[in-house]
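*Asks:* Take this structure, written in structure tokens, and hold onto it; I'll ask about it next.
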Amino acid sequence: MDRTAAGWLNGFIGVLIFSGSLPATRMAVMGFDPVFLTVARAAIAGLIALALLALFRERRPSLSDLPSLVIVAFGVVIGFPLLTALALTRVTSAHSIVFIGLLPLSTAIFGVIRGGERPHPAFWIFSCLGSALVAGFALSQGVTAAPLGDLLMLAAIIACGLGYAEGAKLSRRLGGWQVISWALVVSLPVMLALALVNLPPSFSVIAAPAWAGLAYVSLFSMLIGFFFWYRGLAQGGIAGVGQLQLLQPFFGLLLAATLLREQVSPVMLVVTVAIVGCVAGAKKFAR
């Protein structure tokens, strides 16, 4: 398997792992406050990352890598989880998919700005079409009017796209799992302090599904998913592999249907097939 194909495979695995974040978060917020959930998952993942780095005796990043690690931490460890948690107190999940559909485009733009990539003009056509399909599907499901929630989601997408592109660029030198691990360690003091400040009054009333949700978003969404995702972006190209995120809302909804018994409509399946076509087109013209 060549480097590009391996990148798309790793990226696809990363997207599958991230797709479980929405159902897991829904399970977790049944017992945990959204703010506590945001900082606790980063703190838990940060402690595990610190242990992994020590176990494998990984070389510390150079001082020149620190600004990039701070950007990654700001984007995907702090910014996106916190901003989306705040936004989802004001807008519905269906409404948020409108913005999630813009994430691949945001990643591609930052891939050009920060990663120096130059995709073929046709790539942007497929990328914009895919984003439009996701946004159009979400709008067809019904939305709510909440300007502050919209601004928070837009800020979350910008922060996440920047964090993805910056992390992918750094992964070419440090390695995928090392980048997210060091970013988690950089943010660990703040996240751990905030988690302690926002501890629930009692843990005895929190049901098992909420604990399972917290475990998933801490271990998989915040850590393991990035092992594959950053490696995939570094191998296959930030702009191209980033288009796989167009499938994430639909994988998430399918998981929600399986785990939470939510209904999956035929329209969703048709749109998913169209999205796959856009991803294939973007892959062809990504470089």
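Letters A, B, ... mark the chains of the structure tokens in the order given; residue numbers begin at 1 per chain; ligand numbers begin at 1, in order shown.
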Quick one: which range 141-182 of chain A residues come within 6 Å of range 219-235 of chain A, and what is the nearest atom pair for each with the distance in Å to one decimal, counting only C-alpha atoms, rows ordered by chain and ascending number, as a Markdown table?
*Replies:*
| residue | atom | partner | partner_atom | distance |
| --- | --- | --- | --- | --- |
| A:Ala168 | CA | A:Ala234 | CA | 5.0 |
| A:Arg172 | CA | A:Ala234 | CA | 5.6 |
| A:Gly176 | CA | A:Arg231 | CA | 4.7 |
| A:Trp177 | CA | A:Phe227 | CA | 4.4 |
*Asks:* Against range 36-55 of chain A, which residues of range 177-286 of chain A fall within 12 Å? For each one I want the closest pair of atoms and the distance in Å (one decimal), counting only C-alpha atoms, rows by chain and increasing residue number, as a Markdown table.
*Replies:*
| residue | atom | partner | partner_atom | distance |
| --- | --- | --- | --- | --- |
| A:Trp177 | CA | A:Ala49 | CA | 8.9 |
| A:Gln178 | CA | A:Leu53 | CA | 7.6 |
| A:Val179 | CA | A:Ala49 | CA | 10.1 |
| A:Ile180 | CA | A:Ala49 | CA | 8.2 |
| A:Ser181 | CA | A:Ala49 | CA | 4.8 |
| A:Trp182 | CA | A:Ala49 | CA | 7.4 |
| A:Ala183 | CA | A:Gly46 | CA | 8.3 |
| A:Leu184 | CA | A:Gly46 | CA | 4.7 |
| A:Val185 | CA | A:Gly46 | CA | 5.3 |
| A:Val186 | CA | A:Gly46 | CA | 8.5 |
| A:Ser187 | CA | A:Gly46 | CA | 7.7 |
| A:Leu188 | CA | A:Gly46 | CA | 5.5 |
| A:Pro189 | CA | A:Ala43 | CA | 8.1 |
| A:Val190 | CA | A:Ala43 | CA | 8.5 |
| A:Met191 | CA | A:Val39 | CA | 5.1 |
| A:Leu192 | CA | A:Ala43 | CA | 5.0 |
| A:Ala193 | CA | A:Ala43 | CA | 8.7 |
| A:Leu194 | CA | A:Val39 | CA | 6.4 |
| A:Ala195 | CA | A:Ala40 | CA | 5.2 |
| A:Leu196 | CA | A:Ala40 | CA | 8.5 |
| A:Val197 | CA | A:Phe36 | CA | 8.8 |
| A:Asn198 | CA | A:Phe36 | CA | 5.6 |
| A:Leu199 | CA | A:Phe36 | CA | 6.8 |
| A:Pro200 | CA | A:Phe36 | CA | 7.9 |
| A:Pro201 | CA | A:Phe36 | CA | 11.6 |
| A:Ala210 | CA | A:Leu37 | CA | 10.1 |
| A:Trp211 | CA | A:Leu37 | CA | 10.4 |
| A:Ala212 | CA | A:Arg41 | CA | 11.9 |
| A:Gly213 | CA | A:Leu37 | CA | 9.6 |
| A:Leu214 | CA | A:Arg41 | CA | 6.7 |
| A:Ala215 | CA | A:Arg41 | CA | 7.8 |
| A:Tyr216 | CA | A:Arg41 | CA | 8.9 |
| A:Val217 | CA | A:Arg41 | CA | 6.3 |
| A:Ser218 | CA | A:Arg41 | CA | 4.2 |
| A:Leu219 | CA | A:Ala45 | CA | 6.0 |
| A:Phe220 | CA | A:Ala45 | CA | 8.8 |
| A:Ser221 | CA | A:Arg41 | CA | 8.9 |
| A:Met222 | CA | A:Ala45 | CA | 6.3 |
| A:Leu223 | CA | A:Ala45 | CA | 6.1 |
| A:Ile224 | CA | A:Ala45 | CA | 9.2 |
| A:Gly225 | CA | A:Ala45 | CA | 11.5 |
| A:Phe226 | CA | A:Ala45 | CA | 11.3 |
| A:Phe227 | CA | A:Ala49 | CA | 11.1 |
*Asks:* Please give the complete set of residues from range 115-205 of chain A that DSSP, run on the backbone, assigns to helix (DSSP H, G or I), formatted as an MDAnalysis selection string.
*Replies:* chainID A and resid 115 121:140 147:174 176:197
*Asks:* One number please: CA of Pro81 in chain A to CA of Val35 in chain A, in Å, one decimal.
*Replies:*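 These atoms are spaced 9.2 Å apart.
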*Asks:* Using only C-alpha atoms, which residue out of A:Gly111, A:Gly281, A:Gly167, A:Gly14 lies closest to Leu129 in chain A?
*Replies:* A:Gly281
*Asks:* Could you check how far CA of Val276 in chain A sits from CA of Leu88 in chain A, in Å to one decimal?
*Replies:*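 Separation of CA of Val276 in chain A and CA of Leu88 in chain A: 27.2 Å.
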*Asks:* Which is closer to Gly240 in chain A than all the others in A:Ser131, A:Thr107, A:Ser68, A:Ser202, using only C-alpha atoms?
*Replies:*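 The closest residue to Gly240 in chain A is A:Thr107.
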*Asks:* Closest to Glu117 in chain A among A:Leu170, A:Ala165, A:Ile158, A:Leu66, using only C-alpha atoms?
*Replies:*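 Among the listed residues, A:Ala165 lies closest to Glu117 in chain A.
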*Asks:* With only C-alpha atoms as the atoms that count, which of A:Gly115, A:Gly130, A:Gly31, A:Gly20 lies nearest to Val273 in chain A?
*Replies:* A:Gly130
*Asks:* Within 6 Å of range 69-80 of chain A, counting only C-alpha atoms, which residues qualify if same-chain residues fewer than 2 places away don't, as an mmCIF file with N, CA and C atoms, in the first residue's frame?
*Replies:*
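And here is the file that came out, around_27.cif:
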data_model
loop_
_atom_site.group_PDB
_atom_site.id
_atom_site.type_symbol
_atom_site.label_atom_id
_atom_site.label_comp_id
_atom_site.auth_asym_id
_atom_site.auth_seq_id
_atom_site.Cartn_x
_atom_site.Cartn_y
_atom_site.Cartn_z
ATOM 1 N N LEU A 66 6.823 24.255 20.008
ATOM 2 C CA LEU A 66 5.854 24.640 21.035
ATOM 3 C C LEU A 66 4.713 25.505 20.503
ATOM 4 N N PRO A 67 4.973 26.533 19.670
ATOM 5 C CA PRO A 67 3.844 27.319 19.148
ATOM 6 C C PRO A 67 2.828 26.467 18.385
ATOM 7 N N LEU A 82 -15.071 22.783 23.745
ATOM 8 C CA LEU A 82 -15.729 23.768 24.602
ATOM 9 C C LEU A 82 -16.751 24.591 23.827
ATOM 10 N N LEU A 83 -16.362 25.064 22.644
ATOM 11 C CA LEU A 83 -17.271 25.899 21.853
ATOM 12 C C LEU A 83 -18.505 25.133 21.408
ATOM 13 N N THR A 84 -18.346 23.862 21.020
ATOM 14 C CA THR A 84 -19.512 23.075 20.614
ATOM 15 C C THR A 84 -20.400 22.759 21.810
ATOM 16 N N ALA A 156 -16.076 27.279 16.479
ATOM 17 C CA ALA A 156 -15.615 25.918 16.729
ATOM 18 C C ALA A 156 -15.045 25.282 15.467
ATOM 19 N N ALA A 159 -11.668 26.891 14.679
ATOM 20 C CA ALA A 159 -10.648 26.405 15.614
ATOM 21 C C ALA A 159 -10.245 24.970 15.293
ATOM 22 N N CYS A 160 -11.220 24.138 14.981
ATOM 23 C CA CYS A 160 -10.936 22.729 14.709
ATOM 24 C C CYS A 160 -10.169 22.564 13.399
ATOM 25 N N GLY A 163 -6.657 23.464 14.062
ATOM 26 C CA GLY A 163 -5.993 22.440 14.862
ATOM 27 C C GLY A 163 -5.671 21.193 14.057
ATOM 28 N N GLY A 167 -1.803 20.262 13.302
ATOM 29 C CA GLY A 167 -1.362 18.975 13.819
ATOM 30 C C GLY A 167 -0.846 18.058 12.727
ATOM 31 N N ALA A 183 0.210 17.765 22.676
ATOM 32 C CA ALA A 183 -0.786 18.843 22.775
ATOM 33 C C ALA A 183 -1.652 18.665 24.013
#
*Asks:* What is the distance, in Å and to one decimal place, between CA of Leu174 in chain A and CA of Phe56 in chain A?
*Replies:*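 Result for CA of Leu174 in chain A versus CA of Phe56 in chain A: 13.7 Å, one decimal.
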*Asks:* Tell me, as a PyMOL selection string, which residues lie within 12 Å of Phe126 in chain A, counting only C-alpha atoms; anything in the same chain fewer than 5 positions away does not count.
*Replies:* chain A and resi 104-105+108+119-121+131-133+239-240+243-244+246+274-286
*Asks:* Those same residues, written as an mmCIF file, in the first residue's frame with N, CA, C and O atoms?
*Replies:*
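See part_10.cif below for the written result:
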data_model
loop_
_atom_site.group_PDB
_atom_site.id
_atom_site.type_symbol
_atom_site.label_atom_id
_atom_site.label_comp_id
_atom_site.auth_asym_id
_atom_site.auth_seq_id
_atom_site.Cartn_x
_atom_site.Cartn_y
_atom_site.Cartn_z
ATOM 1 N N PRO A 104 -14.673 20.005 6.779
ATOM 2 C CA PRO A 104 -13.680 19.612 5.771
ATOM 3 C C PRO A 104 -13.168 20.802 4.960
ATOM 4 O O PRO A 104 -11.983 20.863 4.621
ATOM 5 N N LEU A 105 -14.052 21.742 4.657
ATOM 6 C CA LEU A 105 -13.647 22.928 3.910
ATOM 7 C C LEU A 105 -12.702 23.782 4.749
ATOM 8 O O LEU A 105 -11.698 24.297 4.247
ATOM 9 N N ALA A 108 -9.344 22.101 4.788
ATOM 10 C CA ALA A 108 -8.654 22.272 3.508
ATOM 11 C C ALA A 108 -8.065 23.672 3.385
ATOM 12 O O ALA A 108 -6.935 23.852 2.900
ATOM 13 N N PRO A 119 -4.265 22.207 -3.814
ATOM 14 C CA PRO A 119 -5.128 21.265 -4.527
ATOM 15 C C PRO A 119 -5.552 21.814 -5.896
ATOM 16 O O PRO A 119 -5.559 23.027 -6.135
ATOM 17 N N HIS A 120 -5.949 20.903 -6.778
ATOM 18 C CA HIS A 120 -6.467 21.265 -8.104
ATOM 19 C C HIS A 120 -7.759 22.069 -7.936
ATOM 20 O O HIS A 120 -8.529 21.829 -6.993
ATOM 21 N N PRO A 121 -8.034 23.039 -8.811
ATOM 22 C CA PRO A 121 -9.285 23.809 -8.694
ATOM 23 C C PRO A 121 -10.538 22.946 -8.619
ATOM 24 O O PRO A 121 -11.505 23.306 -7.934
ATOM 25 N N SER A 131 -19.915 19.936 1.189
ATOM 26 C CA SER A 131 -20.324 20.754 2.334
ATOM 27 C C SER A 131 -21.762 21.227 2.175
ATOM 28 O O SER A 131 -22.534 21.244 3.139
ATOM 29 N N ALA A 132 -22.124 21.603 0.947
ATOM 30 C CA ALA A 132 -23.490 22.071 0.675
ATOM 31 C C ALA A 132 -24.508 20.947 0.886
ATOM 32 O O ALA A 132 -25.611 21.179 1.399
ATOM 33 N N LEU A 133 -24.141 19.721 0.499
ATOM 34 C CA LEU A 133 -25.049 18.587 0.690
ATOM 35 C C LEU A 133 -25.295 18.323 2.172
ATOM 36 O O LEU A 133 -26.436 18.102 2.592
ATOM 37 N N ALA A 239 -5.794 18.566 2.757
ATOM 38 C CA ALA A 239 -7.008 18.959 2.053
ATOM 39 C C ALA A 239 -7.807 17.745 1.587
ATOM 40 O O ALA A 239 -9.026 17.679 1.773
ATOM 41 N N GLY A 240 -7.125 16.762 0.995
ATOM 42 C CA GLY A 240 -7.819 15.604 0.445
ATOM 43 C C GLY A 240 -8.416 14.708 1.506
ATOM 44 O O GLY A 240 -9.629 14.453 1.520
ATOM 45 N N GLN A 243 -11.509 15.651 3.543
ATOM 46 C CA GLN A 243 -12.868 15.543 3.000
ATOM 47 C C GLN A 243 -13.629 14.344 3.555
ATOM 48 O O GLN A 243 -14.856 14.293 3.479
ATOM 49 N N LEU A 244 -12.904 13.372 4.113
ATOM 50 C CA LEU A 244 -13.579 12.229 4.730
ATOM 51 C C LEU A 244 -14.486 12.657 5.873
ATOM 52 O O LEU A 244 -15.405 11.932 6.246
ATOM 53 N N LEU A 246 -16.725 14.689 5.764
ATOM 54 C CA LEU A 246 -18.091 14.860 5.271
ATOM 55 C C LEU A 246 -18.971 13.671 5.644
ATOM 56 O O LEU A 246 -20.190 13.799 5.744
ATOM 57 N N ALA A 274 -24.382 10.286 -2.072
ATOM 58 C CA ALA A 274 -23.911 11.463 -2.815
ATOM 59 C C ALA A 274 -22.634 12.030 -2.191
ATOM 60 O O ALA A 274 -21.718 12.461 -2.903
ATOM 61 N N ILE A 275 -22.567 12.012 -0.868
ATOM 62 C CA ILE A 275 -21.378 12.496 -0.170
ATOM 63 C C ILE A 275 -20.164 11.636 -0.519
ATOM 64 O O ILE A 275 -19.061 12.152 -0.737
ATOM 65 N N VAL A 276 -20.374 10.320 -0.586
ATOM 66 C CA VAL A 276 -19.279 9.416 -0.961
ATOM 67 C C VAL A 276 -18.740 9.788 -2.342
ATOM 68 O O VAL A 276 -17.527 9.786 -2.577
ATOM 69 N N GLY A 277 -19.657 10.147 -3.255
ATOM 70 C CA GLY A 277 -19.234 10.586 -4.588
ATOM 71 C C GLY A 277 -18.389 11.853 -4.531
ATOM 72 O O GLY A 277 -17.387 11.974 -5.247
ATOM 73 N N CYS A 278 -18.775 12.792 -3.682
ATOM 74 C CA CYS A 278 -18.001 14.033 -3.531
ATOM 75 C C CYS A 278 -16.626 13.754 -2.943
ATOM 76 O O CYS A 278 -15.628 14.355 -3.364
ATOM 77 N N VAL A 279 -16.572 12.852 -1.963
ATOM 78 C CA VAL A 279 -15.286 12.497 -1.354
ATOM 79 C C VAL A 279 -14.378 11.851 -2.392
ATOM 80 O O VAL A 279 -13.172 12.156 -2.482
ATOM 81 N N ALA A 280 -14.955 10.969 -3.235
ATOM 82 C CA ALA A 280 -14.161 10.317 -4.285
ATOM 83 C C ALA A 280 -13.636 11.338 -5.285
ATOM 84 O O ALA A 280 -12.481 11.264 -5.722
ATOM 85 N N GLY A 281 -14.494 12.320 -5.642
ATOM 86 C CA GLY A 281 -14.054 13.364 -6.558
ATOM 87 C C GLY A 281 -12.962 14.226 -5.960
ATOM 88 O O GLY A 281 -11.968 14.568 -6.619
ATOM 89 N N ALA A 282 -13.119 14.579 -4.692
ATOM 90 C CA ALA A 282 -12.109 15.388 -4.007
ATOM 91 C C ALA A 282 -10.795 14.636 -3.910
ATOM 92 O O ALA A 282 -9.714 15.218 -4.074
ATOM 93 N N LYS A 283 -10.865 13.329 -3.669
ATOM 94 C CA LYS A 283 -9.644 12.511 -3.588
ATOM 95 C C LYS A 283 -8.875 12.540 -4.896
ATOM 96 O O LYS A 283 -7.642 12.643 -4.926
ATOM 97 N N LYS A 284 -9.613 12.476 -6.002
ATOM 98 C CA LYS A 284 -8.970 12.442 -7.322
ATOM 99 C C LYS A 284 -8.204 13.725 -7.611
ATOM 100 O O LYS A 284 -7.119 13.719 -8.238
ATOM 101 N N PHE A 285 -8.729 14.857 -7.164
ATOM 102 C CA PHE A 285 -8.133 16.156 -7.491
ATOM 103 C C PHE A 285 -7.430 16.809 -6.302
ATOM 104 O O PHE A 285 -7.141 18.004 -6.338
ATOM 105 N N ALA A 286 -7.177 16.037 -5.225
ATOM 106 C CA ALA A 286 -6.595 16.637 -4.024
ATOM 107 C C ALA A 286 -5.178 17.120 -4.241
ATOM 108 O O ALA A 286 -4.718 18.010 -3.536
#
*Asks:* Between A:Leu151, A:Ile206, A:Leu63, A:Ile238, which one has atoms that come closest to Ser106 in chain A, using only C-alpha atoms?
*Replies:* A:Ile238
*Asks:* Quick one: of A:Phe203, A:Ala155, A:Glu58, A:Gly149, who's nearest to Gly175 in chain A, counting only C-alpha atoms?
*Replies:*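 Between A:Phe203, A:Ala155, A:Glu58, A:Gly149, the residue approaching Gly175 in chain A most closely is A:Glu58.
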